[in-house]
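**Student:** Next up is a structure, given as structure tokens.
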Amino acid sequence: MKKDFVSIIIVNYNGKEFLKTILESIEKSSFKNYEIIIVDNKSSDRSREFIKKNYKKVKLVSNKKNLGYSGINSALRLCKGSYILFLNNDMELDKECIKNLI
């Protein structure tokens, strides 16, 4: 694990319409030492394709069924951070949010 490195996990189910907002707010963050992992709970709204096409650095975990919020556990094995930040897909972070949490 890397010191002061944050693994950001976002759970998604048919939330394609929200993904751009949350991902762009993370990109605008003043804290830059992070990775993003999106857990998709078998969305049917082409969320996975949207992520693959537009966010190449985002790690995508595709669950075989909708596991609800507990589906987020599928990403834990991929986390490299010394901190893990769990987010919903319909959020928007203030640019100082992660820095203030650290």
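FYI, nothing fancy with the structure tokens labels: chains A, B, ... in order, residues from 1 per chain, ligands from 1 as they appear.
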Which residues, written as a list of chain:residue names, have at least one atom at most 7 Å from Asn12 in chain A, with only C-alpha atoms counted and residues fewer than 5 positions away on the same chain left out?
**Tutor:**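 Listed by chain and then number, they are A:Ile38, A:Val39, A:Asp40, A:Asn41, A:Asn89.
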**Student:** Mind checking which residues fall within 8 Å of Ser43 in chain A, counting only C-alpha atoms, ignoring those fewer than 3 positions away in the same chain, and posting them as a PDB file with C-alpha atoms, in the first residue's frame?
**Tutor:**
ATOM      1  CA  ASN A  12     -23.060   1.709  -9.888  1.00  0.00           C
ATOM      2  CA  TYR A  13     -26.311   0.208 -11.074  1.00  0.00           C
ATOM      3  CA  ASN A  14     -27.909   1.796 -14.133  1.00  0.00           C
ATOM      4  CA  GLY A  15     -26.392   5.132 -13.153  1.00  0.00           C
ATOM      5  CA  ASP A  40     -20.989  -2.155 -11.819  1.00  0.00           C
ATOM      6  CA  ARG A  46     -24.557   0.803 -21.093  1.00  0.00           C
ATOM      7  CA  SER A  47     -22.713   2.170 -18.049  1.00  0.00           C
ATOM      8  CA  ARG A  48     -19.816  -0.240 -18.541  1.00  0.00           C
ATOM      9  CA  ASN A  66     -27.047  -6.773  -8.936  1.00  0.00           C
TER      10      ASN A  66
END
**Student:** Which residues come within 12 Å of Asn100 in chain A, counting only C-alpha atoms, excluding same-chain residues fewer than 5 positions away, as a list in words?
**Tutor:**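 The residues satisfying every condition are Ser29, Ser30, Phe31, Leu93, Asp94 and Lys95 of chain A.
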**Student:** Could you tell me how far CA of Ser82 in chain A lies from CA of Phe18 in chain A, in Å and to one decimal?
**Tutor:** 26.8 Å
**Student:** Residues of chain A in alpha helix (DSSP H) according to DSSP, as a PyMOL selection string?
**Tutor:** chain A and resi 16-27+47-54+97-101
**Student:** Please indicate the distance in Å from CA of Lys64 in chain A to CA of Glu27 in chain A, rounded to one decimal place.
**Tutor:**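 Computed distance, CA of Lys64 in chain A to CA of Glu27 in chain A, equals 28.3 Å.
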**Student:** In terms of the shortest atom-to-atom distance over only C-alpha atoms, which of A:Ala75, A:Ile98, A:Leu23, A:Ile8 is closest to Lys56 in chain A?
**Tutor:**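 For Lys56 in chain A, the nearest of the candidates is A:Leu23.
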**Student:** Can you measure CA of Lys32 in chain A to CA of Tyr69 in chain A for me? One decimal in Å is fine.
**Tutor:**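 Interatomic distance here is 26.0 Å.
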**Student:** Pick out each residue of chain A that DSSP on the backbone tags as strand (DSSP E); I need them as a ChimeraX atom specification.
**Tutor:** /A:2-12,34-40,59-62,81-88
**Student:** Could those residues be written to a file, using N, CA and C atoms, as a PDB file, in the first residue's frame?
**Tutor:**
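Dumped to part-v2.pdb:
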ATOM      1  N   LYS A   2       0.410   2.243  -0.723  1.00  0.00           N
ATOM      2  CA  LYS A   2       1.146   3.496  -0.818  1.00  0.00           C
ATOM      3  C   LYS A   2       0.641   4.480   0.241  1.00  0.00           C
ATOM      4  N   LYS A   3       1.563   5.185   0.882  1.00  0.00           N
ATOM      5  CA  LYS A   3       1.199   6.163   1.901  1.00  0.00           C
ATOM      6  C   LYS A   3       0.415   7.315   1.269  1.00  0.00           C
ATOM      7  N   ASP A   4      -0.638   7.712   1.938  1.00  0.00           N
ATOM      8  CA  ASP A   4      -1.507   8.797   1.477  1.00  0.00           C
ATOM      9  C   ASP A   4      -2.004   8.586   0.048  1.00  0.00           C
ATOM     10  N   PHE A   5      -2.218   7.345  -0.303  1.00  0.00           N
ATOM     11  CA  PHE A   5      -2.817   6.990  -1.591  1.00  0.00           C
ATOM     12  C   PHE A   5      -4.232   6.523  -1.289  1.00  0.00           C
ATOM     13  N   VAL A   6      -5.198   7.007  -2.057  1.00  0.00           N
ATOM     14  CA  VAL A   6      -6.602   6.714  -1.794  1.00  0.00           C
ATOM     15  C   VAL A   6      -7.187   5.872  -2.918  1.00  0.00           C
ATOM     16  N   SER A   7      -7.812   4.791  -2.538  1.00  0.00           N
ATOM     17  CA  SER A   7      -8.587   3.982  -3.479  1.00  0.00           C
ATOM     18  C   SER A   7     -10.037   4.443  -3.360  1.00  0.00           C
ATOM     19  N   ILE A   8     -10.568   4.960  -4.443  1.00  0.00           N
ATOM     20  CA  ILE A   8     -11.948   5.442  -4.470  1.00  0.00           C
ATOM     21  C   ILE A   8     -12.799   4.381  -5.154  1.00  0.00           C
ATOM     22  N   ILE A   9     -13.786   3.884  -4.429  1.00  0.00           N
ATOM     23  CA  ILE A   9     -14.679   2.864  -4.982  1.00  0.00           C
ATOM     24  C   ILE A   9     -16.072   3.456  -5.128  1.00  0.00           C
ATOM     25  N   ILE A  10     -16.619   3.336  -6.333  1.00  0.00           N
ATOM     26  CA  ILE A  10     -17.963   3.832  -6.630  1.00  0.00           C
ATOM     27  C   ILE A  10     -18.813   2.652  -7.045  1.00  0.00           C
ATOM     28  N   VAL A  11     -19.947   2.489  -6.393  1.00  0.00           N
ATOM     29  CA  VAL A  11     -20.873   1.431  -6.778  1.00  0.00           C
ATOM     30  C   VAL A  11     -21.860   2.018  -7.790  1.00  0.00           C
ATOM     31  N   ASN A  12     -22.185   1.229  -8.816  1.00  0.00           N
ATOM     32  CA  ASN A  12     -23.060   1.709  -9.888  1.00  0.00           C
ATOM     33  C   ASN A  12     -24.059   0.633 -10.294  1.00  0.00           C
ATOM     34  N   TYR A  34      -4.643   9.156  -6.164  1.00  0.00           N
ATOM     35  CA  TYR A  34      -5.769   8.235  -6.001  1.00  0.00           C
ATOM     36  C   TYR A  34      -5.914   7.319  -7.213  1.00  0.00           C
ATOM     37  N   GLU A  35      -6.706   6.293  -7.004  1.00  0.00           N
ATOM     38  CA  GLU A  35      -7.160   5.436  -8.095  1.00  0.00           C
ATOM     39  C   GLU A  35      -8.683   5.367  -7.974  1.00  0.00           C
ATOM     40  N   ILE A  36      -9.345   5.126  -9.086  1.00  0.00           N
ATOM     41  CA  ILE A  36     -10.804   5.000  -9.080  1.00  0.00           C
ATOM     42  C   ILE A  36     -11.168   3.606  -9.550  1.00  0.00           C
ATOM     43  N   ILE A  37     -12.036   2.967  -8.772  1.00  0.00           N
ATOM     44  CA  ILE A  37     -12.563   1.657  -9.123  1.00  0.00           C
ATOM     45  C   ILE A  37     -14.078   1.763  -9.118  1.00  0.00           C
ATOM     46  N   ILE A  38     -14.700   1.435 -10.233  1.00  0.00           N
ATOM     47  CA  ILE A  38     -16.164   1.426 -10.299  1.00  0.00           C
ATOM     48  C   ILE A  38     -16.640  -0.008 -10.313  1.00  0.00           C
ATOM     49  N   VAL A  39     -17.558  -0.303  -9.413  1.00  0.00           N
ATOM     50  CA  VAL A  39     -18.184  -1.618  -9.351  1.00  0.00           C
ATOM     51  C   VAL A  39     -19.543  -1.491 -10.015  1.00  0.00           C
ATOM     52  N   ASP A  40     -19.706  -2.188 -11.116  1.00  0.00           N
ATOM     53  CA  ASP A  40     -20.989  -2.155 -11.819  1.00  0.00           C
ATOM     54  C   ASP A  40     -21.777  -3.425 -11.503  1.00  0.00           C
ATOM     55  N   LYS A  59     -10.596   1.671 -13.131  1.00  0.00           N
ATOM     56  CA  LYS A  59     -10.695   0.213 -13.094  1.00  0.00           C
ATOM     57  C   LYS A  59     -12.177  -0.140 -12.980  1.00  0.00           C
ATOM     58  N   LEU A  60     -12.609  -1.098 -13.758  1.00  0.00           N
ATOM     59  CA  LEU A  60     -14.010  -1.494 -13.771  1.00  0.00           C
ATOM     60  C   LEU A  60     -14.151  -2.932 -13.295  1.00  0.00           C
ATOM     61  N   VAL A  61     -15.010  -3.111 -12.312  1.00  0.00           N
ATOM     62  CA  VAL A  61     -15.357  -4.444 -11.820  1.00  0.00           C
ATOM     63  C   VAL A  61     -16.805  -4.683 -12.223  1.00  0.00           C
ATOM     64  N   SER A  62     -17.042  -5.741 -12.987  1.00  0.00           N
ATOM     65  CA  SER A  62     -18.392  -6.051 -13.460  1.00  0.00           C
ATOM     66  C   SER A  62     -18.938  -7.251 -12.703  1.00  0.00           C
ATOM     67  N   GLY A  81      -4.619   1.568  -2.140  1.00  0.00           N
ATOM     68  CA  GLY A  81      -4.476   2.713  -1.248  1.00  0.00           C
ATOM     69  C   GLY A  81      -4.360   2.357   0.216  1.00  0.00           C
ATOM     70  N   SER A  82      -3.782   3.293   0.953  1.00  0.00           N
ATOM     71  CA  SER A  82      -3.755   3.144   2.407  1.00  0.00           C
ATOM     72  C   SER A  82      -5.077   3.604   2.997  1.00  0.00           C
ATOM     73  N   TYR A  83      -5.884   4.271   2.162  1.00  0.00           N
ATOM     74  CA  TYR A  83      -7.232   4.683   2.529  1.00  0.00           C
ATOM     75  C   TYR A  83      -8.186   4.220   1.435  1.00  0.00           C
ATOM     76  N   ILE A  84      -9.426   3.926   1.843  1.00  0.00           N
ATOM     77  CA  ILE A  84     -10.463   3.572   0.879  1.00  0.00           C
ATOM     78  C   ILE A  84     -11.640   4.516   1.088  1.00  0.00           C
ATOM     79  N   LEU A  85     -12.069   5.144   0.012  1.00  0.00           N
ATOM     80  CA  LEU A  85     -13.201   6.067   0.045  1.00  0.00           C
ATOM     81  C   LEU A  85     -14.335   5.447  -0.759  1.00  0.00           C
ATOM     82  N   PHE A  86     -15.430   5.129  -0.086  1.00  0.00           N
ATOM     83  CA  PHE A  86     -16.601   4.554  -0.746  1.00  0.00           C
ATOM     84  C   PHE A  86     -17.554   5.680  -1.132  1.00  0.00           C
ATOM     85  N   LEU A  87     -17.979   5.704  -2.396  1.00  0.00           N
ATOM     86  CA  LEU A  87     -18.886   6.748  -2.871  1.00  0.00           C
ATOM     87  C   LEU A  87     -20.066   6.142  -3.619  1.00  0.00           C
ATOM     88  N   ASN A  88     -21.165   6.867  -3.609  1.00  0.00           N
ATOM     89  CA  ASN A  88     -22.297   6.525  -4.471  1.00  0.00           C
ATOM     90  C   ASN A  88     -22.081   7.209  -5.817  1.00  0.00           C
TER      91      ASN A  88
END
**Student:** Kindly indicate which residue among A:Ser25, A:Ser70, A:Ser44, A:Asn33 lies nearest to Cys97 in chain A, using only C-alpha atoms for the distances.
**Tutor:**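 Closest to Cys97 in chain A of all the choices is A:Ser25.
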